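Here is the file upload-v4.txt (compact mmCIF, C-alpha atoms).
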```
# COMPACT_ATOMS: atom_id res chain seq x y z
CA MET A 1 112.24 73.14 160.48
CA GLY A 2 108.45 73.32 160.79
CA LYS A 3 106.01 73.89 157.95
CA CYS A 4 105.71 77.58 158.83
CA GLY A 5 109.46 78.09 158.70
CA GLU A 6 109.74 76.23 155.41
CA MET A 7 107.04 78.42 153.89
CA TRP A 8 108.82 81.61 154.93
CA ARG A 9 112.13 80.30 153.59
CA LYS A 10 110.60 79.65 150.16
CA LEU A 11 108.91 83.06 150.17
CA PHE A 12 112.17 84.80 151.10
CA ASN A 13 114.10 82.98 148.37
CA PHE A 14 111.44 83.88 145.81
CA GLU A 15 111.49 87.58 146.76
CA ALA A 16 115.30 87.66 146.69
CA SER A 17 115.35 86.02 143.28
CA ARG A 18 112.77 88.45 141.89
CA LYS A 19 114.71 91.42 143.25
CA THR A 20 117.89 90.20 141.56
CA GLU A 21 116.09 89.73 138.23
CA THR A 22 114.65 93.25 138.47
CA GLU A 23 118.06 94.76 139.19
CA ASN A 24 119.63 92.88 136.29
CA SER A 25 116.84 93.99 133.97
CA ASN A 26 117.36 97.63 134.96
CA ARG A 27 121.06 97.38 134.11
CA ARG A 28 120.45 96.16 130.56
CA PRO A 29 120.73 98.86 127.88
CA LYS A 30 117.31 99.70 126.48
CA PRO A 31 116.78 99.97 122.72
CA LYS A 32 115.90 103.43 121.50
CA ALA A 33 113.88 104.91 118.70
CA THR A 34 115.96 106.11 115.77
CA GLN A 35 115.23 108.62 113.04
CA ASP A 36 114.75 105.90 110.44
CA GLY A 37 112.70 103.62 112.64
CA LEU A 38 113.09 101.46 115.74
CA GLU A 39 116.15 99.58 116.91
CA ALA A 40 115.93 95.80 116.88
CA GLY A 41 114.45 94.59 120.14
CA PHE A 42 112.16 97.55 120.71
CA ARG A 43 108.48 96.83 120.22
CA PRO A 44 106.18 99.74 121.06
CA GLY A 45 103.13 98.94 123.12
CA LEU A 46 99.62 100.21 122.56
CA ASP A 47 97.18 101.73 125.01
CA ALA A 48 93.97 99.98 123.89
CA LYS A 49 91.68 102.57 125.46
CA THR A 50 93.23 105.55 123.69
CA SER A 51 94.83 103.88 120.64
CA ARG A 52 98.11 105.55 121.54
CA VAL A 53 101.43 103.90 120.79
CA ILE A 54 103.71 103.87 123.85
CA THR A 55 107.31 104.67 122.89
CA ILE A 56 110.45 103.80 124.84
CA ASP A 57 110.41 107.23 126.47
CA ASN A 58 106.83 106.66 127.66
CA LYS A 59 105.61 109.29 125.25
CA PHE A 60 102.51 108.71 123.21
CA LYS A 61 102.01 108.64 119.47
CA LEU A 62 98.47 108.46 118.13
CA MET A 63 97.60 105.52 115.89
CA ARG A 64 95.18 107.04 113.42
CA PHE A 65 93.94 105.75 110.06
CA LEU A 66 92.86 108.63 107.83
CA GLY A 67 91.71 109.07 104.25
CA ASN A 68 90.30 106.57 101.77
CA SER A 69 91.69 104.28 99.09
CA GLU A 70 90.15 102.17 96.34
CA ALA A 71 91.13 98.57 95.59
CA LYS A 72 89.89 95.43 93.89
CA ALA A 73 89.44 91.96 95.35
CA ASP A 74 90.41 88.98 93.23
CA THR A 75 88.11 86.03 92.55
CA LYS A 76 89.07 84.43 95.87
CA GLY A 77 88.33 87.57 97.87
CA ARG A 78 91.96 88.55 98.43
CA VAL A 79 92.81 92.24 98.55
CA PHE A 80 95.81 94.43 99.36
CA LEU A 81 95.55 96.63 102.43
CA PRO A 82 96.59 100.16 101.39
CA ALA A 83 100.28 100.83 102.02
CA VAL A 84 99.59 103.89 104.17
CA PHE A 85 97.52 101.78 106.56
CA ARG A 86 100.09 98.97 106.57
CA LYS A 87 102.78 101.43 107.58
CA ILE A 88 100.73 102.61 110.58
CA LEU A 89 100.24 99.00 111.70
CA GLN A 90 103.94 98.27 111.32
CA VAL A 91 105.08 101.30 113.29
CA SER A 92 102.60 100.55 116.08
CA GLY A 93 103.72 96.92 116.35
CA GLU A 94 100.36 95.49 115.33
CA GLU A 95 100.49 92.12 113.56
CA LYS A 96 96.87 90.95 113.61
CA LEU A 97 93.50 92.43 112.77
CA VAL A 98 89.96 91.52 113.73
CA MET A 99 87.18 91.91 111.17
CA ARG A 100 83.45 92.06 111.76
CA LYS A 101 80.35 93.49 110.12
CA ASP A 102 79.62 97.03 111.28
CA VAL A 103 76.79 97.26 113.80
CA PHE A 104 74.99 100.07 111.94
CA GLN A 105 76.15 100.20 108.33
CA PRO A 106 76.53 97.69 105.42
CA CYS A 107 80.30 97.67 105.63
CA LEU A 108 83.09 95.68 107.29
CA VAL A 109 85.37 97.00 110.02
CA LEU A 110 89.01 96.10 110.61
CA TYR A 111 90.20 96.50 114.20
CA PRO A 112 93.88 96.32 115.15
CA GLU A 113 93.98 93.49 117.70
CA SER A 114 94.73 95.75 120.67
CA VAL A 115 91.93 98.16 119.71
CA TRP A 116 89.52 95.23 119.46
CA ASN A 117 90.60 94.00 122.89
CA GLY A 118 90.00 97.47 124.28
CA GLN A 119 86.51 97.52 122.77
CA MET A 120 85.73 94.12 124.28
CA ASP A 121 86.94 95.24 127.70
CA LEU A 122 84.89 98.44 127.53
CA LEU A 123 81.74 96.58 126.50
CA ARG A 124 82.28 93.92 129.14
CA GLN A 125 82.58 96.58 131.85
CA ARG A 126 79.24 98.07 130.86
CA LEU A 127 77.36 94.77 130.75
CA ASN A 128 76.16 92.58 133.60
CA ARG A 129 77.14 88.91 133.33
CA TRP A 130 73.99 87.99 135.25
CA ASN A 131 71.67 89.79 132.85
CA ALA A 132 70.51 87.49 130.04
CA GLU A 133 70.03 90.31 127.53
CA HIS A 134 73.47 91.74 128.31
CA GLN A 135 75.06 88.34 127.79
CA GLN A 136 73.32 88.00 124.45
CA ILE A 137 74.62 91.40 123.36
CA PHE A 138 78.19 90.53 124.31
CA ARG A 139 77.96 87.07 122.74
CA GLN A 140 76.74 88.47 119.45
CA PHE A 141 79.36 91.20 119.37
CA VAL A 142 82.38 88.98 119.98
CA SER A 143 81.35 85.76 118.22
CA ASP A 144 80.78 86.88 114.63
CA VAL A 145 84.35 87.96 113.89
CA GLU A 146 87.22 86.85 111.67
CA LEU A 147 90.91 86.98 112.64
CA ILE A 148 92.95 88.55 109.86
CA SER A 149 96.68 88.30 109.14
CA LEU A 150 98.48 90.02 106.28
CA ASP A 151 100.77 88.00 104.05
CA GLY A 152 104.24 89.16 103.06
CA ASN A 153 102.81 91.38 100.36
CA GLY A 154 100.25 93.06 102.60
CA ARG A 155 97.34 91.06 101.24
CA PHE A 156 94.51 89.43 103.22
CA LEU A 157 91.46 87.30 102.51
CA ILE A 158 87.89 88.48 102.98
CA PRO A 159 85.71 85.36 103.42
CA LYS A 160 82.80 85.08 101.01
CA ARG A 161 80.15 85.43 103.70
CA TYR A 162 81.62 88.78 104.72
CA LEU A 163 81.67 89.93 101.11
CA LYS A 164 77.96 89.12 100.94
CA LEU A 165 77.26 90.97 104.21
CA ALA A 166 78.79 94.14 102.74
CA ASN A 167 77.40 93.56 99.22
CA ILE A 168 80.95 93.60 97.87
CA GLU A 169 81.58 92.06 94.47
CA GLN A 170 85.02 93.27 93.42
CA GLY A 171 85.43 97.00 93.85
CA ILE A 172 86.38 98.01 97.40
CA LYS A 173 86.87 101.31 99.18
CA PHE A 174 88.94 101.47 102.39
CA ILE A 175 88.08 104.35 104.73
CA GLY A 176 90.25 105.28 107.71
CA MET A 177 88.09 105.84 110.77
CA GLY A 178 90.68 106.81 113.35
CA ASP A 179 91.59 103.63 115.19
CA THR A 180 89.72 101.34 112.77
CA ILE A 181 89.43 100.80 109.00
CA GLU A 182 86.11 100.41 107.19
CA ILE A 183 85.69 98.32 104.04
CA TRP A 184 82.88 99.42 101.71
CA ARG A 185 81.55 98.34 98.37
CA ASN A 186 83.00 100.85 95.92
CA ALA A 187 79.75 102.13 94.48
CA PRO A 188 78.08 105.55 94.89
CA GLU A 189 74.81 104.11 96.19
CA SER A 190 76.56 102.17 98.97
CA GLN A 191 78.28 105.14 100.59
CA SER A 192 76.55 106.30 103.74
CA PHE A 193 77.54 109.97 103.58
CA MET A 194 75.65 113.19 104.17
CA SER A 195 75.46 116.02 101.72
CA SER A 196 77.80 118.94 102.46
CA GLU A 197 74.89 120.99 103.77
CA GLU A 198 73.60 118.20 106.02
CA PHE A 199 77.09 117.48 107.30
CA GLY A 200 77.78 121.10 108.19
CA LYS A 201 74.46 121.45 110.03
CA ALA A 202 74.86 118.18 111.93
CA LEU A 203 78.46 118.97 112.92
CA GLN A 204 77.45 122.41 114.13
CA GLU A 205 74.73 120.95 116.34
CA VAL A 206 77.00 118.24 117.76
CA MET A 207 79.81 120.67 118.58
CA ARG A 208 77.39 123.21 120.03
CA ASP A 209 75.85 120.59 122.31
CA THR A 210 79.33 119.41 123.30
CA GLN A 211 80.45 122.95 124.15
CA GLN A 212 77.30 123.56 126.20
CA THR A 213 77.99 120.39 128.16
CA VAL A 214 81.60 121.48 128.83
CA ASP A 215 80.52 124.97 129.86
CA GLY A 216 77.90 123.53 132.19
CA GLN A 217 80.37 121.39 134.11
```
Whole structure given in structure tokens:
Amino acid sequence: MGKCGEMWRKLFNFEASRKTETENSNRRPKPKATQDGLEAGFRPGLDAKTSRVITIDNKFKLMRFLGNSEAKADTKGRVFLPAVFRKILQVSGEEKLVMRKDVFQPCLVLYPESVWNGQMDLLRQRLNRWNAEHQQIFRQFVSDVELISLDGNGRFLIPKRYLKLANIEQGIKFIGMGDTIEIWRNAPESQSFMSSEEFGKALQEVMRDTQQTVDGQ
């Protein structure tokens, strides 16, 4: 048999083997979601661009961190992640977090790993690898991060340099920001919030501009 025939024989065997594996996989019973949680063996996926948890039925469940919670770091910088946020991570199948200093504010941001990967992909798509300034932007964004894992009690360590970046001494405030979690120094002067009047006016202008854009399309 010539080289060409041998190549086609290997290709045919590979395709036949892959087809058999696919058929066998389709025959296996798939784990389902239960009322109390998820059956063993089912691990929901996450759409990084939308932060939506993909269930076994291909339906979507939003992963959203909401509200705020106060906590205290110990002398080593260890702190408990609020239980409500831990539950969201558990249900969504997230095991790791990525922490970095916020780009605009004096606070830290916790990204679920898949959300962070989605942010990196989005930024990479908008930047040109052959543009020196773009490369510097991407390098700075992805390099100054810390990988975070929770221990069995839901506690994690904030390195001292990150505590200094956010001016955190001991008191901490966690703020849910949708698909991320912010970590602030728990002090009135450190909170970057508008007054009720300013907030209402700014929100009105943003939503009005958004509606005008939609109507104009």
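Between Val91 in chain A and the candidates A:Phe141, A:Cys107, A:Ser114, A:Met63, the tightest atom-to-atom separation, counting all atoms listed in the file, involves A:Met63.
Taking CA of Val145 in chain A and CA of Lys96 in chain A as endpoints, the distance between them is 12.9 Å.
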Nearest residue to Arg161 in chain A out of A:Trp116, A:Leu108, A:Phe85, A:Val103, using all atoms listed in the file?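 For Arg161 in chain A, the nearest of the given residues is A:Leu108.
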Which residue of A:Trp184, A:Glu95, A:Met207, A:Gly67 approaches Tyr162 in chain A most closely, using all atoms listed in the file: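 Checking each candidate against Tyr162 in chain A, we get A:Trp184 as the closest.
The space between CA of Tyr111 in chain A and CA of Ile181 in chain A spans 6.8 Å.
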